[in-house]
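A.B. asks: Got a structure here, written out as structure tokens. Questions coming.
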Amino acid sequence: MSNKVNISVENLPDTLRGQIHGVESAIDNENLALFTDNKDVRVPIENARHDLRAYSNTFNHYDLWGRFVRSGHKKLPVEEAPGRTIVTRRISERIDGIQYEGELKITPAVVSTKQQGEEKEFLVWPSDREEKVERALIRLASKGKIVKINFKSGIQYAVVFSMNELAQELKSVGQSMPYPQIKEALEALQGSKLSFKYSAKDTKNTDVDDSFYESNMNFLSSLHFSGKKGQGGNIKCVACLNAFVHNMIDNLEYKGYYFNRAQELKRGLSRWMMLRLYHLWRYAAPGKTHHFRLLSIMEKYGSITGDEEITENKLKALRRDMTTTMKDLISKGVISDYTIDNVKDDKSGKIVDYVYEMFPTDDFCEEMLSLNKQKKRLEIQSGKRIADDAIVIDNEEDIVQIVED
């Protein structure tokens, strides 16, 4: 049975109806049909009755930016706000041959909460809680709970769901939250602002001029609720995605991943690292390894800043965090082993960083092969890739050779 919603204007909250000319679901819209197409993504699971894991999508470079606050104040009464509330992060990432360099800024939301019968305003920075809710929201969209709404002011993509559906997605990966917490997280995503400016350089084609981008937006463009008092989980919700995510859906700038595999991990760094591997280790194969530097990866995650002084104790703490994440990935069957090499200062001889090398499991290699086949099929359907009837992809070597060619 299809999960795709076939919705009309009458199904939407009253606050939206007067603003809308029409609605298209993933059944009617080609771009959304591709985004919600996961029928061929099948990987066996040991000791499981089904062979289709919980599939979702992740956006190419957007999801690897340090968009969430990992430490420090995450929620504060407005009157206790620090002198600087905007968090600044550096963007430096190479994905699919494109080098992204720039900066992003995170501005917290102002959320009203009732305490002891009185409304009180808080500053809420998007943190691990909001990241979990955003991932679950995109999981619902990937399952078909997404529509194209033709507003009088323009077109937006929106996720249409109930609070119970979102709560069930969180519960399915061991991230249960009460409805008030889920609602506050959604409000924080809608109220928090993300501004960025970056350049994108094509490292494979030096004849192409660098592109420059600068934007200001909210994590979610708008948020709408409707229902009756006492409904709880039956409250209907519409979350409009921001313009950047909208454009990435239109341009097929997303990749499939297994939602449960990444989100079942208990630690935020482990979940983010797993998602990162789905992006950057697309052609994992036996004998092929993945490398990274500890300080660079922790800056990308958001644990440290580029100009932060890293003391010996801080470096040890970061290494302990990464050791725990490596153990998580081993226990999850993603990597079979890893090695660590010291990076020493030329003058003092002190250890100033570490280089990690990861070895994939056969199961993870099979997962990536399956996801790559799915990605290629979607590109062919969208017209971004020309199908070659003479090529049949049966193993890792074939798909790696196609990409290298």
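Residues are referred to by chain and number: the chain letter is A, B, ... according to the order shown in the structure tokens, the number counts from 1 in that chain, and ligands are numbered separately from 1 in the order shown.
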Taking the chain letters and numbering used in this document, name the residues of stretch 257-300 of chain A that DSSP puts in alpha helix (DSSP H), as a PyMOL selection string.
C.D. replies: chain A and resi 259-263+268-280+294-300
A.B. asks: Taking only residues of stretch 59-162 of chain A that have an atom at most 7 Å from an atom of stretch 224-242 of chain A, what is each one's shortest atom pair and its distance in Å to one decimal, using only C-alpha atoms, in chain and number order, as JSON lines?
C.D. replies:
```
{"residue": "A:Gln156", "atom": "CA", "partner": "A:Cys240", "partner_atom": "CA", "distance": 6.6}
{"residue": "A:Tyr157", "atom": "CA", "partner": "A:Leu241", "partner_atom": "CA", "distance": 5.8}
{"residue": "A:Ala158", "atom": "CA", "partner": "A:Cys240", "partner_atom": "CA", "distance": 4.0}
{"residue": "A:Val159", "atom": "CA", "partner": "A:Ala239", "partner_atom": "CA", "distance": 5.2}
{"residue": "A:Val160", "atom": "CA", "partner": "A:Val238", "partner_atom": "CA", "distance": 4.7}
{"residue": "A:Phe161", "atom": "CA", "partner": "A:Cys237", "partner_atom": "CA", "distance": 5.4}
{"residue": "A:Ser162", "atom": "CA", "partner": "A:Lys236", "partner_atom": "CA", "distance": 4.5}
```
A.B. asks: Could the residues in this selection be written to a file with N, CA and C atoms, as a PDB file, in the first residue's frame?
C.D. replies:
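Saved to part_19.pdb:
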```
ATOM      1  N   GLN A 156       5.768  26.184  -2.368  1.00  0.00           N
ATOM      2  CA  GLN A 156       6.579  25.598  -1.301  1.00  0.00           C
ATOM      3  C   GLN A 156       6.291  24.107  -1.202  1.00  0.00           C
ATOM      4  N   TYR A 157       7.303  23.353  -0.737  1.00  0.00           N
ATOM      5  CA  TYR A 157       7.101  21.953  -0.397  1.00  0.00           C
ATOM      6  C   TYR A 157       6.825  21.870   1.101  1.00  0.00           C
ATOM      7  N   ALA A 158       5.890  21.028   1.473  1.00  0.00           N
ATOM      8  CA  ALA A 158       5.510  20.927   2.884  1.00  0.00           C
ATOM      9  C   ALA A 158       5.299  19.474   3.273  1.00  0.00           C
ATOM     10  N   VAL A 159       5.642  19.151   4.525  1.00  0.00           N
ATOM     11  CA  VAL A 159       5.386  17.822   5.082  1.00  0.00           C
ATOM     12  C   VAL A 159       4.053  17.893   5.828  1.00  0.00           C
ATOM     13  N   VAL A 160       3.137  16.980   5.504  1.00  0.00           N
ATOM     14  CA  VAL A 160       1.802  16.948   6.113  1.00  0.00           C
ATOM     15  C   VAL A 160       1.717  15.690   6.972  1.00  0.00           C
ATOM     16  N   PHE A 161       1.456  15.849   8.271  1.00  0.00           N
ATOM     17  CA  PHE A 161       1.539  14.721   9.185  1.00  0.00           C
ATOM     18  C   PHE A 161       0.732  15.020  10.438  1.00  0.00           C
ATOM     19  N   SER A 162       0.601  14.025  11.290  1.00  0.00           N
ATOM     20  CA  SER A 162       0.012  14.224  12.615  1.00  0.00           C
ATOM     21  C   SER A 162       1.128  14.142  13.656  1.00  0.00           C
TER      22      SER A 162
END
```
A.B. asks: At a cut-off of 9 Å, using only C-alpha atoms, what residues contact A:Leu76? Leave out same-chain residues fewer than 3 positions from it and give the result as an MDAnalysis selection string.
C.D. replies: chainID A and resid 73 79:81 121:125
A.B. asks: Could the residues in this selection be saved with N, CA and C atoms as an mmCIF file, in the first residue's frame?
C.D. replies:
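Listing of selection_11.cif after writing:
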```cif
data_model
loop_
_atom_site.group_PDB
_atom_site.id
_atom_site.type_symbol
_atom_site.label_atom_id
_atom_site.label_comp_id
_atom_site.auth_asym_id
_atom_site.auth_seq_id
_atom_site.Cartn_x
_atom_site.Cartn_y
_atom_site.Cartn_z
ATOM 1 N N HIS A 73 24.896 26.801 25.885
ATOM 2 C CA HIS A 73 23.484 27.067 26.147
ATOM 3 C C HIS A 73 22.623 26.593 24.976
ATOM 4 N N GLU A 79 15.676 36.810 29.443
ATOM 5 C CA GLU A 79 16.371 37.792 30.276
ATOM 6 C C GLU A 79 17.781 37.342 30.657
ATOM 7 N N GLU A 80 18.092 36.058 30.463
ATOM 8 C CA GLU A 80 19.431 35.556 30.771
ATOM 9 C C GLU A 80 20.292 35.384 29.515
ATOM 10 N N ALA A 81 19.851 35.980 28.423
ATOM 11 C CA ALA A 81 20.572 35.815 27.151
ATOM 12 C C ALA A 81 21.997 36.345 27.268
ATOM 13 N N GLU A 121 9.156 33.409 28.007
ATOM 14 C CA GLU A 121 9.864 33.307 26.733
ATOM 15 C C GLU A 121 11.291 32.811 26.936
ATOM 16 N N PHE A 122 11.678 31.893 26.050
ATOM 17 C CA PHE A 122 13.015 31.306 26.099
ATOM 18 C C PHE A 122 13.699 31.458 24.751
ATOM 19 N N LEU A 123 15.013 31.598 24.791
ATOM 20 C CA LEU A 123 15.828 31.440 23.588
ATOM 21 C C LEU A 123 16.154 29.965 23.446
ATOM 22 N N VAL A 124 15.881 29.397 22.274
ATOM 23 C CA VAL A 124 16.153 27.983 22.035
ATOM 24 C C VAL A 124 17.039 27.856 20.802
ATOM 25 N N TRP A 125 18.252 27.327 21.004
ATOM 26 C CA TRP A 125 19.153 27.051 19.897
ATOM 27 C C TRP A 125 18.847 25.654 19.342
#
```
A.B. asks: Pick from A:Asn251, A:Asn164, A:Gln263, A:Gln175: nearest to A:Asn31, with only C-alpha atoms counted?
C.D. replies: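 Answer, going by the shortest atom-to-atom distance: A:Asn251.
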A.B. asks: List the spatial neighbours of A:Val111 as a PyMOL selection string - criterion: any atom at most 10 Å away, only C-alpha atoms, same-chain residues fewer than 5 positions off excluded.
C.D. replies: chain A and resi 75+77-78+119-124+184-185+187-188+191-192
A.B. asks: Write the residues of the preceding selection, restricted to N, CA and C atoms, as an mmCIF file, in the first residue's frame.
C.D. replies:
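Dumped to result-v1.cif:
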```cif
data_model
loop_
_atom_site.group_PDB
_atom_site.id
_atom_site.type_symbol
_atom_site.label_atom_id
_atom_site.label_comp_id
_atom_site.auth_asym_id
_atom_site.auth_seq_id
_atom_site.Cartn_x
_atom_site.Cartn_y
_atom_site.Cartn_z
ATOM 1 N N LYS A 75 18.963 26.303 25.746
ATOM 2 C CA LYS A 75 17.689 26.935 26.077
ATOM 3 C C LYS A 75 17.890 27.823 27.293
ATOM 4 N N PRO A 77 16.156 31.439 29.496
ATOM 5 C CA PRO A 77 15.178 32.524 29.586
ATOM 6 C C PRO A 77 15.730 33.743 28.849
ATOM 7 N N VAL A 78 14.846 34.466 28.164
ATOM 8 C CA VAL A 78 15.289 35.607 27.359
ATOM 9 C C VAL A 78 16.091 36.601 28.191
ATOM 10 N N GLU A 119 3.105 32.462 31.033
ATOM 11 C CA GLU A 119 3.866 32.337 29.800
ATOM 12 C C GLU A 119 5.248 32.949 29.983
ATOM 13 N N LYS A 120 6.265 32.185 29.604
ATOM 14 C CA LYS A 120 7.631 32.674 29.730
ATOM 15 C C LYS A 120 8.356 32.440 28.410
ATOM 16 N N GLU A 121 9.156 33.409 28.007
ATOM 17 C CA GLU A 121 9.864 33.307 26.733
ATOM 18 C C GLU A 121 11.291 32.811 26.936
ATOM 19 N N PHE A 122 11.678 31.893 26.050
ATOM 20 C CA PHE A 122 13.015 31.306 26.099
ATOM 21 C C PHE A 122 13.699 31.458 24.751
ATOM 22 N N LEU A 123 15.013 31.598 24.791
ATOM 23 C CA LEU A 123 15.828 31.440 23.588
ATOM 24 C C LEU A 123 16.154 29.965 23.446
ATOM 25 N N VAL A 124 15.881 29.397 22.274
ATOM 26 C CA VAL A 124 16.153 27.983 22.035
ATOM 27 C C VAL A 124 17.039 27.856 20.802
ATOM 28 N N GLU A 184 7.670 21.815 20.722
ATOM 29 C CA GLU A 184 8.649 22.868 20.971
ATOM 30 C C GLU A 184 9.829 22.742 20.020
ATOM 31 N N ALA A 185 10.249 21.511 19.732
ATOM 32 C CA ALA A 185 11.358 21.305 18.795
ATOM 33 C C ALA A 185 10.978 21.806 17.397
ATOM 34 N N GLU A 187 8.785 24.157 16.748
ATOM 35 C CA GLU A 187 8.743 25.620 16.843
ATOM 36 C C GLU A 187 10.149 26.210 16.846
ATOM 37 N N ALA A 188 11.082 25.509 17.473
ATOM 38 C CA ALA A 188 12.474 25.968 17.476
ATOM 39 C C ALA A 188 13.067 25.907 16.068
ATOM 40 N N GLY A 191 11.547 28.786 14.155
ATOM 41 C CA GLY A 191 11.975 30.102 14.614
ATOM 42 C C GLY A 191 13.458 30.370 14.478
ATOM 43 N N SER A 192 14.268 29.325 14.474
ATOM 44 C CA SER A 192 15.719 29.499 14.357
ATOM 45 C C SER A 192 16.092 29.903 12.937
#
```
A.B. asks: What is the distance between atom CA of A:Met326 and atom CA of A:Asn313, in Å to one decimal?
C.D. replies: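 Between atom CA of A:Met326 and atom CA of A:Asn313 the gap is 19.9 Å.
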A.B. asks: Quick one: residues within 9 Å of stretch 100-105 of chain A, only C-alpha atoms counted, chain neighbours fewer than 4 positions away excluded, as an MDAnalysis selection string?
C.D. replies: chainID A and resid 61 65:67 86:95 193:201
A.B. asks: May I ask which of the residues A:Leu269, A:Ile182, A:Ile27, A:Ala136 is the closest one to A:Lys148, counting only C-alpha atoms?
C.D. replies: A:Ile27
A.B. asks: Can you list, as a list in words, every protein, DNA or RNA residue that comes within 9 Å of A:Val173 when you count only C-alpha atoms, leaving out same-chain residues fewer than 3 positions away?
C.D. replies: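 Skipping anything fewer than 3 positions along the chain leaves Gln168, Glu169, Leu170, Ser176, Phe259, Asn260, Arg261, Ala262, Gln263, Glu264 and Leu265 of chain A.
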A.B. asks: Please produce a file of the residues just selected, as a PDB file, in the first residue's frame, where the atoms kept are all heavy atoms.
C.D. replies:
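Output saved as part.pdb:
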```pdb
ATOM      1  N   GLN A 168       5.772   8.502  16.389  1.00  0.00           N
ATOM      2  CA  GLN A 168       6.038   7.095  16.081  1.00  0.00           C
ATOM      3  C   GLN A 168       7.363   6.912  15.347  1.00  0.00           C
ATOM      4  O   GLN A 168       8.072   5.927  15.569  1.00  0.00           O
ATOM      5  CB  GLN A 168       4.884   6.508  15.253  1.00  0.00           C
ATOM      6  CG  GLN A 168       3.599   6.279  16.034  1.00  0.00           C
ATOM      7  CD  GLN A 168       3.799   5.332  17.207  1.00  0.00           C
ATOM      8  OE1 GLN A 168       4.421   4.277  17.083  1.00  0.00           O
ATOM      9  NE2 GLN A 168       3.277   5.716  18.373  1.00  0.00           N
ATOM     10  N   GLU A 169       7.699   7.845  14.461  1.00  0.00           N
ATOM     11  CA  GLU A 169       8.990   7.768  13.774  1.00  0.00           C
ATOM     12  C   GLU A 169      10.135   7.901  14.774  1.00  0.00           C
ATOM     13  O   GLU A 169      11.134   7.191  14.688  1.00  0.00           O
ATOM     14  CB  GLU A 169       9.105   8.854  12.702  1.00  0.00           C
ATOM     15  CG  GLU A 169       8.252   8.617  11.480  1.00  0.00           C
ATOM     16  CD  GLU A 169       8.602   7.337  10.732  1.00  0.00           C
ATOM     17  OE1 GLU A 169       9.758   6.867  10.816  1.00  0.00           O
ATOM     18  OE2 GLU A 169       7.705   6.787  10.088  1.00  0.00           O
ATOM     19  N   LEU A 170       9.982   8.812  15.723  1.00  0.00           N
ATOM     20  CA  LEU A 170      11.008   8.970  16.761  1.00  0.00           C
ATOM     21  C   LEU A 170      11.086   7.724  17.639  1.00  0.00           C
ATOM     22  O   LEU A 170      12.175   7.237  17.958  1.00  0.00           O
ATOM     23  CB  LEU A 170      10.698  10.206  17.604  1.00  0.00           C
ATOM     24  CG  LEU A 170      10.879  11.552  16.897  1.00  0.00           C
ATOM     25  CD1 LEU A 170      10.180  12.665  17.662  1.00  0.00           C
ATOM     26  CD2 LEU A 170      12.361  11.881  16.733  1.00  0.00           C
ATOM     27  N   SER A 176      11.937   8.390  21.743  1.00  0.00           N
ATOM     28  CA  SER A 176      10.606   8.828  22.167  1.00  0.00           C
ATOM     29  C   SER A 176      10.658  10.175  22.877  1.00  0.00           C
ATOM     30  O   SER A 176      11.558  10.431  23.687  1.00  0.00           O
ATOM     31  CB  SER A 176       9.976   7.792  23.101  1.00  0.00           C
ATOM     32  OG  SER A 176       9.750   6.577  22.412  1.00  0.00           O
ATOM     33  N   PHE A 259      17.428   5.184   7.557  1.00  0.00           N
ATOM     34  CA  PHE A 259      17.078   6.012   8.710  1.00  0.00           C
ATOM     35  C   PHE A 259      17.311   5.284  10.024  1.00  0.00           C
ATOM     36  O   PHE A 259      17.905   5.826  10.955  1.00  0.00           O
ATOM     37  CB  PHE A 259      15.605   6.420   8.562  1.00  0.00           C
ATOM     38  CG  PHE A 259      15.024   7.137   9.750  1.00  0.00           C
ATOM     39  CD1 PHE A 259      15.317   8.467   9.982  1.00  0.00           C
ATOM     40  CD2 PHE A 259      14.150   6.487  10.611  1.00  0.00           C
ATOM     41  CE1 PHE A 259      14.765   9.136  11.062  1.00  0.00           C
ATOM     42  CE2 PHE A 259      13.591   7.145  11.693  1.00  0.00           C
ATOM     43  CZ  PHE A 259      13.904   8.478  11.923  1.00  0.00           C
ATOM     44  N   ASN A 260      16.865   4.034  10.102  1.00  0.00           N
ATOM     45  CA  ASN A 260      16.989   3.319  11.379  1.00  0.00           C
ATOM     46  C   ASN A 260      18.451   3.012  11.719  1.00  0.00           C
ATOM     47  O   ASN A 260      18.847   3.059  12.877  1.00  0.00           O
ATOM     48  CB  ASN A 260      16.153   2.035  11.374  1.00  0.00           C
ATOM     49  CG  ASN A 260      16.594   1.048  10.303  1.00  0.00           C
ATOM     50  OD1 ASN A 260      17.043   1.448   9.230  1.00  0.00           O
ATOM     51  ND2 ASN A 260      16.454  -0.233  10.578  1.00  0.00           N
ATOM     52  N   ARG A 261      19.266   2.736  10.714  1.00  0.00           N
ATOM     53  CA  ARG A 261      20.676   2.413  10.954  1.00  0.00           C
ATOM     54  C   ARG A 261      21.402   3.589  11.602  1.00  0.00           C
ATOM     55  O   ARG A 261      22.196   3.407  12.529  1.00  0.00           O
ATOM     56  CB  ARG A 261      21.356   2.061   9.634  1.00  0.00           C
ATOM     57  CG  ARG A 261      20.941   0.725   9.070  1.00  0.00           C
ATOM     58  CD  ARG A 261      21.763  -0.383   9.663  1.00  0.00           C
ATOM     59  NE  ARG A 261      23.020  -0.530   8.950  1.00  0.00           N
ATOM     60  CZ  ARG A 261      24.076  -1.157   9.428  1.00  0.00           C
ATOM     61  NH1 ARG A 261      24.040  -1.654  10.656  1.00  0.00           N
ATOM     62  NH2 ARG A 261      25.175  -1.280   8.720  1.00  0.00           N
ATOM     63  N   ALA A 262      21.139   4.795  11.111  1.00  0.00           N
ATOM     64  CA  ALA A 262      21.825   5.969  11.640  1.00  0.00           C
ATOM     65  C   ALA A 262      21.186   6.472  12.925  1.00  0.00           C
ATOM     66  O   ALA A 262      21.870   6.770  13.904  1.00  0.00           O
ATOM     67  CB  ALA A 262      21.823   7.087  10.588  1.00  0.00           C
ATOM     68  N   GLN A 263      19.861   6.547  12.958  1.00  0.00           N
ATOM     69  CA  GLN A 263      19.180   7.195  14.069  1.00  0.00           C
ATOM     70  C   GLN A 263      19.037   6.322  15.306  1.00  0.00           C
ATOM     71  O   GLN A 263      18.756   6.829  16.390  1.00  0.00           O
ATOM     72  CB  GLN A 263      17.806   7.697  13.617  1.00  0.00           C
ATOM     73  CG  GLN A 263      17.879   8.853  12.616  1.00  0.00           C
ATOM     74  CD  GLN A 263      18.654  10.039  13.138  1.00  0.00           C
ATOM     75  OE1 GLN A 263      19.781  10.296  12.723  1.00  0.00           O
ATOM     76  NE2 GLN A 263      18.090  10.782  14.070  1.00  0.00           N
ATOM     77  N   GLU A 264      19.221   5.024  15.183  1.00  0.00           N
ATOM     78  CA  GLU A 264      19.151   4.159  16.360  1.00  0.00           C
ATOM     79  C   GLU A 264      20.365   4.325  17.278  1.00  0.00           C
ATOM     80  O   GLU A 264      20.317   3.924  18.436  1.00  0.00           O
ATOM     81  CB  GLU A 264      19.022   2.693  15.934  1.00  0.00           C
ATOM     82  CG  GLU A 264      17.613   2.321  15.481  1.00  0.00           C
ATOM     83  CD  GLU A 264      17.548   0.920  14.904  1.00  0.00           C
ATOM     84  OE1 GLU A 264      18.611   0.280  14.723  1.00  0.00           O
ATOM     85  OE2 GLU A 264      16.426   0.470  14.624  1.00  0.00           O
ATOM     86  N   LEU A 265      21.438   4.889  16.748  1.00  0.00           N
ATOM     87  CA  LEU A 265      22.620   5.127  17.571  1.00  0.00           C
ATOM     88  C   LEU A 265      22.298   6.155  18.653  1.00  0.00           C
ATOM     89  O   LEU A 265      21.625   7.156  18.394  1.00  0.00           O
ATOM     90  CB  LEU A 265      23.777   5.614  16.696  1.00  0.00           C
ATOM     91  CG  LEU A 265      24.324   4.558  15.723  1.00  0.00           C
ATOM     92  CD1 LEU A 265      25.153   5.212  14.634  1.00  0.00           C
ATOM     93  CD2 LEU A 265      25.144   3.515  16.472  1.00  0.00           C
TER      94      LEU A 265
END
```
A.B. asks: Using only C-alpha atoms, can you tell me which of A:Asp37, A:Met298, A:Ile335, A:Ile98 comes closest to A:Ser382?
C.D. replies: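 The closest residue to A:Ser382 is A:Asp37.
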A.B. asks: Considering only C-alpha atoms, return as an NGL selection string whatever protein or nucleic-acid residues lie within 10 Å of A:Lys204, sequence-local ones (same chain, fewer than 3 positions apart) excluded.
C.D. replies: :A and (96-99 or 201 or 207-208)
A.B. asks: With N, CA, C and O atoms retained, export the selected residues as a JSON list (two decimals), in the first residue's frame.
C.D. replies:
```json
[["chain", "number", "residue", "atom", "x", "y", "z"],
["A", 96, "ASP", "N", 31.30, 15.06, -3.89],
["A", 96, "ASP", "CA", 31.08, 14.79, -5.32],
["A", 96, "ASP", "C", 31.89, 15.73, -6.21],
["A", 96, "ASP", "O", 31.40, 16.23, -7.24],
["A", 97, "GLY", "N", 33.12, 16.00, -5.81],
["A", 97, "GLY", "CA", 34.00, 16.82, -6.63],
["A", 97, "GLY", "C", 33.82, 18.32, -6.48],
["A", 97, "GLY", "O", 34.50, 19.10, -7.14],
["A", 98, "ILE", "N", 32.89, 18.76, -5.61],
["A", 98, "ILE", "CA", 32.65, 20.17, -5.38],
["A", 98, "ILE", "C", 33.22, 20.56, -4.03],
["A", 98, "ILE", "O", 32.92, 19.93, -3.01],
["A", 99, "GLN", "N", 34.07, 21.59, -4.00],
["A", 99, "GLN", "CA", 34.66, 22.08, -2.77],
["A", 99, "GLN", "C", 33.85, 23.28, -2.28],
["A", 99, "GLN", "O", 33.75, 24.30, -2.96],
["A", 201, "LYS", "N", 33.41, 25.30, -5.68],
["A", 201, "LYS", "CA", 34.39, 25.16, -6.76],
["A", 201, "LYS", "C", 34.38, 23.74, -7.30],
["A", 201, "LYS", "O", 34.48, 22.77, -6.55],
["A", 207, "ASP", "N", 37.69, 24.69, -15.76],
["A", 207, "ASP", "CA", 37.17, 25.68, -16.70],
["A", 207, "ASP", "C", 35.88, 26.31, -16.20],
["A", 207, "ASP", "O", 35.44, 27.34, -16.72],
["A", 208, "VAL", "N", 35.24, 25.68, -15.21],
["A", 208, "VAL", "CA", 33.98, 26.19, -14.67],
["A", 208, "VAL", "C", 34.27, 27.23, -13.59],
["A", 208, "VAL", "O", 35.05, 26.98, -12.67]]
```
